[in-house]
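Trainee: Please find one structure pasted underneath; my questions will follow.
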Amino acid sequence: MLLRTRALTKAFGSLRAVDGVDLVVEPGRLHAIIGPNGAGKSTFFNVVTGFFTADSGSVLFKDQEITRLPPHVISRRGVVRAFQRGTVFQTFTVFENVQAALLSRKGRTWNVFALASGMLRSETLRILDTLGLADQADVRAGHLSHGDLKRLEIGIALGMEPELLLLDEPTAGMSPEETAAQAALMERLVREQGLNILFTEHDMDVVFGIAKWITVLHQGRIIADGKPQDVRRDRHVQAVYLGEEL
Amino acid sequence: MKRWVLIVVGVVALVLPYVTEPIVVHTAIEILIMALFAMSFNLLFDGAGLLTFGHGCYFGVGAYTAALLMVEMRMPMFPAMVCAMVMGGLTSLVFGYFCVRLTGVYFSILTLAFAQLMFSVFQQAYTITGGDLGILDIQPPAFLVEVNAYYYFTLLVVGVSIWLLWRIMQSPFGRTLHASRDSVVRTQFIGINVRRYRLAAFVVAGVFASLAGGLFAPFNRAVAPFLVSWVKSSDPVLMTLLGGSATFWGPVVGAAVFTTLHEVAIGYTTYWLLLMGGILLFGVLFLPGGILGFLEERLHVGAAAPRTRMTEASGASSNARAD
């Protein structure tokens with residue numbers, strides 16, 4: 001297994017946002033975590049990636065303990081995340097955003113004298129090509145549309161050459177066309193580049209359209225975990241999503 | 001900035017002693033030193049999104065180190081200046097180690113606190129620093145005593161330093177600092193230990209500030225505690241904002257305008273501080289991108305779209321809390 005959490009718990013005051021979660025991510029799967037608002041999806045991501053420190057429990061990546069390591073160390077181990085709201089380097093161009101991650105990945109960031117502009121051009125452009133952002137390489141990130149911003153999010157994460165990519169609501173706020181393109185991109189990354197993707201998502205069409213495995217969180221606990229058709233039939237899940245068609 | 005502007009400024013700088021009077025050359029030396037000081041400040045401010053209120057501390061440490069070594073130990077000026085940079089680097093390493101643990105306004109306040117600490121040490125350690133009297137009679141070597149010679153020497157040192165600072169800002173290290181300025185959180189998630197990079201930037205800025213101080217002491221022939229005071233720390237802040245923090249040459253422009261105004265105004269009125277305040281107020285209100293930011297926007301002298309640093313700096317700190 002690629003990633004495994006054991007009894008992972010994170011509480012804010014009396015609220016147990018993540019409550020003893022045992023989750024396994026097997027390699028090669030497009031794995032979705034779903035659940036109603038406040039189910040603990042984002043908190044779970046934040047604990048796994050080191051943004052929050054776990055109260056108890058553990059996170060293992062490829063059988064190595066990564067619990068309570070700082071974000072920059074976890075990112076280097078191969079677990080890389082993208083954010084829900086376009087958290088990119090605003091004053092950088094699209095090219096420079098992805099390049100910044102690659103410079104870090106390739107260990108160049110302590111170089112204080114060479115010019116950065118020409119470095120890792122082909123690697124950066126290859127990622128932009130994958131995302132369909134190559135024609136906007138020189139546009140400042142602050143000027144991008146919401147959909148492009150979210151693709152750039154993924155681009156920065158790809159610059160870290162991750163083994164496991166964590167995407168928090170990758171289609172939130174997107175138009176139907178953009179959503180379809182984003183879902184297709186995620187499938188392509190798994191199929192063509194052998195990436196493993198764990199993502200949270202509200203759009204059930206996306207989830208049941210592309211996910212090969214689904215975990216359902218409710219009030220910080222896992223209430224269902226399995227193949228999409230099994231999760232869809234699960235009574236408990238149906239009760240939680242009452243009124244929503246699965 | 002367009003190349004021809006740089007060439008014109010460079011030529012003017014080179015022929016200046018031949019076309020003007022010594023008093024102007026004297027002011028030009030001060031401008032160069034203050035430009036280096038302001039640029040080292042802007043490495044932190046625009047480069048890393050860190051606003052320090054205590055940068056005068058490192059200028060003062062450089063000036064005092066050079067002064068003490070030259071007067072008390074009879075050390076020649078060049079090794080004394082190297083020692084000044086080393087002392088500035090060590091001081092900023094120790095103070096910076098604590099400062100980079102904090103962010104936003106807390107960072108700024110701690111830099112100010114450390115600078116005030118140094119100020120009281122310099123002011124009260126009479127036996128070493130001469131207290132309020134400072135250290136007098138700092139003599140540069142014979143071949144640099146003449147004002148024109150010291151001018152060319154300063155021009156060379158500051159020119160090389162600015163070129164180094166430019167290379168640092170264009171390097172992958174500089175990029176990484178800029179990234180952390182835009183979003184600390186995102187930078188952490190591309191595998192960067194932001195604190196270590198901030199500390200490195202703090203030390204680099206401290207070394208160049210102390211070099212500016214080390215240039216100033218033999219130029220001024222004397223040092224006094226005010227060089228370490230918070231007033232001195234405010235100089236690079238005001239110069240950088242006046243010139244334009246989001247442009248590479250902004251601090252140089254700010255230093256030139258600020259120093260020239262000071263020299264001119266002080267000859268006419270004892271209320272020169274009031275005049276300076278008024279000009280700064282005008283600058284902040286009507287030229288939010290600074291003089292150079294304004295020029296680049298209006299005249300398209302430069303290529304990059306001007307950015308106002310203050311709004312982005314506050315944006316970056318709110319990013320740090322996001323998610």
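Chain labels follow the order of the structure tokens: the first chain is A, the next B, and so on; residue numbering restarts at 1 in every chain, and ligands are counted from 1 in their shown order.
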Can you check which residues of chain A have any atom within 9 Å of chain B? Use only C-alpha atoms and format it as an NGL selection string.

Mentor: :A and (42 or 46 or 49 or 51 or 70-77 or 80-85 or 87-92 or 96-97 or 100-105 or 108-117 or 119 or 156-157 or 159-160)

Trainee: Using the chain letters and numbers from this document, which residues of chain A does DSSP assign to helix (DSSP H, G or I), as a ChimeraX atom specification?

Mentor: /A:41-48,71-77,94-105,121-131,134-136,141-143,146-159,176-193,204-210,228-233,235-240

Trainee: Set the distance at 10 Å and use only C-alpha atoms: which residues neighbour Leu43 in chain B once local chain neighbours fewer than 2 positions away are removed? I'd like the list as a short mmCIF file (atom, residue, chain, number, x, y, z; two decimals) with N, CA and C atoms, in the first residue's frame.

Mentor:
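Printed below is out08.cif as written:
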```
data_model
loop_
_atom_site.label_atom_id
_atom_site.label_comp_id
_atom_site.auth_asym_id
_atom_site.auth_seq_id
_atom_site.Cartn_x
_atom_site.Cartn_y
_atom_site.Cartn_z
N ALA B 38 19.89 50.91 1.63
CA ALA B 38 18.47 50.73 1.29
C ALA B 38 18.25 49.47 0.46
N MET B 39 19.20 49.17 -0.43
CA MET B 39 19.06 47.97 -1.25
C MET B 39 19.14 46.71 -0.40
N SER B 40 20.01 46.72 0.58
CA SER B 40 20.12 45.55 1.46
C SER B 40 18.82 45.38 2.24
N PHE B 41 18.20 46.50 2.62
CA PHE B 41 16.90 46.44 3.27
C PHE B 41 15.84 45.85 2.35
N PHE B 45 12.68 43.25 2.23
CA PHE B 45 11.33 43.78 2.13
C PHE B 45 10.62 43.29 0.87
N ASP B 46 11.17 43.64 -0.28
CA ASP B 46 10.55 43.16 -1.51
C ASP B 46 10.95 41.72 -1.80
N GLY B 47 12.19 41.40 -1.49
CA GLY B 47 12.68 40.06 -1.80
C GLY B 47 11.98 38.96 -1.04
N ALA B 48 11.85 39.16 0.26
CA ALA B 48 11.30 38.09 1.09
C ALA B 48 10.00 38.47 1.77
N GLY B 49 9.51 39.69 1.54
CA GLY B 49 8.26 40.11 2.18
C GLY B 49 8.40 40.34 3.67
N LEU B 50 9.62 40.67 4.12
CA LEU B 50 9.86 40.89 5.55
C LEU B 50 10.18 42.36 5.78
N LEU B 165 23.84 41.89 -5.47
CA LEU B 165 22.45 41.82 -4.98
C LEU B 165 21.50 41.49 -6.13
N TRP B 166 21.78 42.06 -7.30
CA TRP B 166 20.95 41.78 -8.47
C TRP B 166 21.03 40.31 -8.83
N ILE B 168 21.79 37.86 -6.87
CA ILE B 168 21.12 37.08 -5.82
C ILE B 168 19.61 37.07 -6.05
N MET B 169 19.06 38.24 -6.41
CA MET B 169 17.61 38.30 -6.60
C MET B 169 17.15 37.52 -7.83
N GLY B 174 16.93 33.64 -4.87
CA GLY B 174 16.08 34.83 -4.90
C GLY B 174 14.65 34.49 -5.29
N LEU B 177 12.90 33.07 -2.36
CA LEU B 177 12.50 34.13 -1.43
C LEU B 177 11.23 34.81 -1.92
N HIS B 178 11.21 35.15 -3.21
CA HIS B 178 10.02 35.78 -3.79
C HIS B 178 8.80 34.89 -3.62
N ALA B 201 18.46 35.16 4.03
CA ALA B 201 18.24 36.49 3.48
C ALA B 201 18.57 37.56 4.53
N PHE B 202 18.20 37.29 5.77
CA PHE B 202 18.46 38.23 6.87
C PHE B 202 19.96 38.47 7.02
N VAL B 204 22.35 37.88 4.66
CA VAL B 204 22.87 38.57 3.47
C VAL B 204 22.59 40.07 3.57
N ALA B 205 21.35 40.41 3.96
CA ALA B 205 20.98 41.82 4.12
C ALA B 205 21.84 42.47 5.20
N PHE B 208 25.44 43.19 3.87
CA PHE B 208 25.55 44.36 2.97
C PHE B 208 25.27 45.66 3.73
N SER B 245 9.56 50.13 -3.95
CA SER B 245 10.13 48.89 -3.44
C SER B 245 10.03 47.75 -4.44
N PHE B 248 13.78 47.08 -8.88
CA PHE B 248 15.12 46.79 -8.37
C PHE B 248 15.86 48.07 -8.01
#
```

Trainee: Just checking: using only C-alpha atoms, which residue out of A:Asp19, A:Glu26, A:Asp129, A:Asp135 ends up closest to Gly57 in chain A?

Mentor: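 Closest candidate: A:Asp19.
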
Trainee: Can you tell me, as an mmCIF file with N, CA and C atoms, in the first residue's frame, what residues are no more than 10 Å from Thr9 in chain A when counting only C-alpha atoms, ignoring any on the same chain fewer than 6 positions away?

Mentor:
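Printed below is part.cif as written:
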```
data_model
loop_
_atom_site.group_PDB
_atom_site.id
_atom_site.type_symbol
_atom_site.label_atom_id
_atom_site.label_comp_id
_atom_site.auth_asym_id
_atom_site.auth_seq_id
_atom_site.Cartn_x
_atom_site.Cartn_y
_atom_site.Cartn_z
ATOM 1 N N ARG A 16 -14.046 16.810 17.224
ATOM 2 C CA ARG A 16 -13.082 15.869 16.665
ATOM 3 C C ARG A 16 -13.265 15.852 15.148
ATOM 4 N N ALA A 17 -12.515 16.712 14.472
ATOM 5 C CA ALA A 17 -12.674 16.884 13.027
ATOM 6 C C ALA A 17 -12.259 15.626 12.270
ATOM 7 N N VAL A 18 -11.200 15.000 12.738
ATOM 8 C CA VAL A 18 -10.778 13.707 12.199
ATOM 9 C C VAL A 18 -10.693 12.771 13.390
ATOM 10 N N ASP A 19 -11.485 11.682 13.325
ATOM 11 C CA ASP A 19 -11.715 10.902 14.544
ATOM 12 C C ASP A 19 -11.375 9.423 14.318
ATOM 13 N N GLY A 20 -10.102 9.094 14.525
ATOM 14 C CA GLY A 20 -9.687 7.700 14.416
ATOM 15 C C GLY A 20 -9.825 7.122 13.026
ATOM 16 N N VAL A 21 -9.270 7.832 12.055
ATOM 17 C CA VAL A 21 -9.422 7.386 10.667
ATOM 18 C C VAL A 21 -8.336 6.371 10.294
ATOM 19 N N ASP A 22 -8.771 5.197 9.844
ATOM 20 C CA ASP A 22 -7.860 4.193 9.279
ATOM 21 C C ASP A 22 -8.121 4.145 7.787
ATOM 22 N N THR A 43 -9.516 18.718 6.805
ATOM 23 C CA THR A 43 -8.665 18.525 7.977
ATOM 24 C C THR A 43 -7.802 17.281 7.804
ATOM 25 N N PHE A 44 -8.407 16.237 7.259
ATOM 26 C CA PHE A 44 -7.662 15.006 7.008
ATOM 27 C C PHE A 44 -6.472 15.294 6.085
ATOM 28 N N VAL A 47 -3.783 17.211 7.935
ATOM 29 C CA VAL A 47 -3.002 16.408 8.880
ATOM 30 C C VAL A 47 -2.020 15.519 8.115
ATOM 31 N N THR A 53 -0.708 19.306 12.925
ATOM 32 C CA THR A 53 -0.089 18.131 13.533
ATOM 33 C C THR A 53 -1.179 17.256 14.141
ATOM 34 N N ALA A 54 -1.026 15.956 13.933
ATOM 35 C CA ALA A 54 -2.015 15.005 14.435
ATOM 36 C C ALA A 54 -1.994 14.975 15.960
ATOM 37 N N ASP A 55 -3.177 14.837 16.564
ATOM 38 C CA ASP A 55 -3.243 14.660 18.021
ATOM 39 C C ASP A 55 -2.775 13.259 18.395
ATOM 40 N N SER A 56 -3.243 12.282 17.632
ATOM 41 C CA SER A 56 -2.802 10.903 17.868
ATOM 42 C C SER A 56 -2.971 10.120 16.574
ATOM 43 N N GLY A 57 -2.459 8.910 16.596
ATOM 44 C CA GLY A 57 -2.502 8.096 15.396
ATOM 45 C C GLY A 57 -1.266 8.319 14.546
ATOM 46 N N SER A 58 -1.216 7.679 13.394
ATOM 47 C CA SER A 58 -0.015 7.811 12.586
ATOM 48 C C SER A 58 -0.351 7.807 11.095
ATOM 49 N N GLY A 220 -15.993 13.100 10.848
ATOM 50 C CA GLY A 220 -14.628 12.719 11.186
ATOM 51 C C GLY A 220 -14.334 11.234 11.153
ATOM 52 N N ARG A 221 -15.344 10.412 10.844
ATOM 53 C CA ARG A 221 -15.112 8.966 10.819
ATOM 54 C C ARG A 221 -15.396 8.407 9.434
#
```

Trainee: Identify all residues of range 31-242 of chain A in strand (DSSP E or B) (DSSP on the backbone) and supply them as a PyMOL selection string.

Mentor: chain A and resi 31-34+56-61+64-65+79-82+93+140+164-168+196-200+213-218+221-226

Trainee: So that I can see what lies close to Glu163 in chain A, please list as an NGL selection string the residues with an atom at most 8 Å from it, counting only C-alpha atoms and leaving out residues fewer than 2 positions away in the same chain.

Mentor: :A and (78-80 or 161 or 165 or 195-196)

Trainee: In terms of the shortest atom-to-atom distance over only C-alpha atoms, which of B:Val121, B:Leu199, B:Ile135, B:Cys57 is closest to Cys99 in chain B?

Mentor: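 Ranked by minimum distance to Cys99 in chain B, first place goes to B:Leu199.
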
Trainee: One decimal, Å: what's the distance from CA of Val11 in chain B over to CA of Val252 in chain B, could you say?

Mentor: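 Separating CA of Val11 in chain B from CA of Val252 in chain B is a distance of 16.0 Å.
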
Trainee: Calculate how many Å separate CA of Met77 in chain B from CA of Ala142 in chain B, rounding to one decimal.

Mentor: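 Distance reported for this atom pair: 10.6 Å.
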
Trainee: Which one is closest to Val257 in chain B: B:Leu102, B:Leu32, B:Val207, B:Leu155? Count only C-alpha atoms.

Mentor: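 Closest candidate: B:Leu32.
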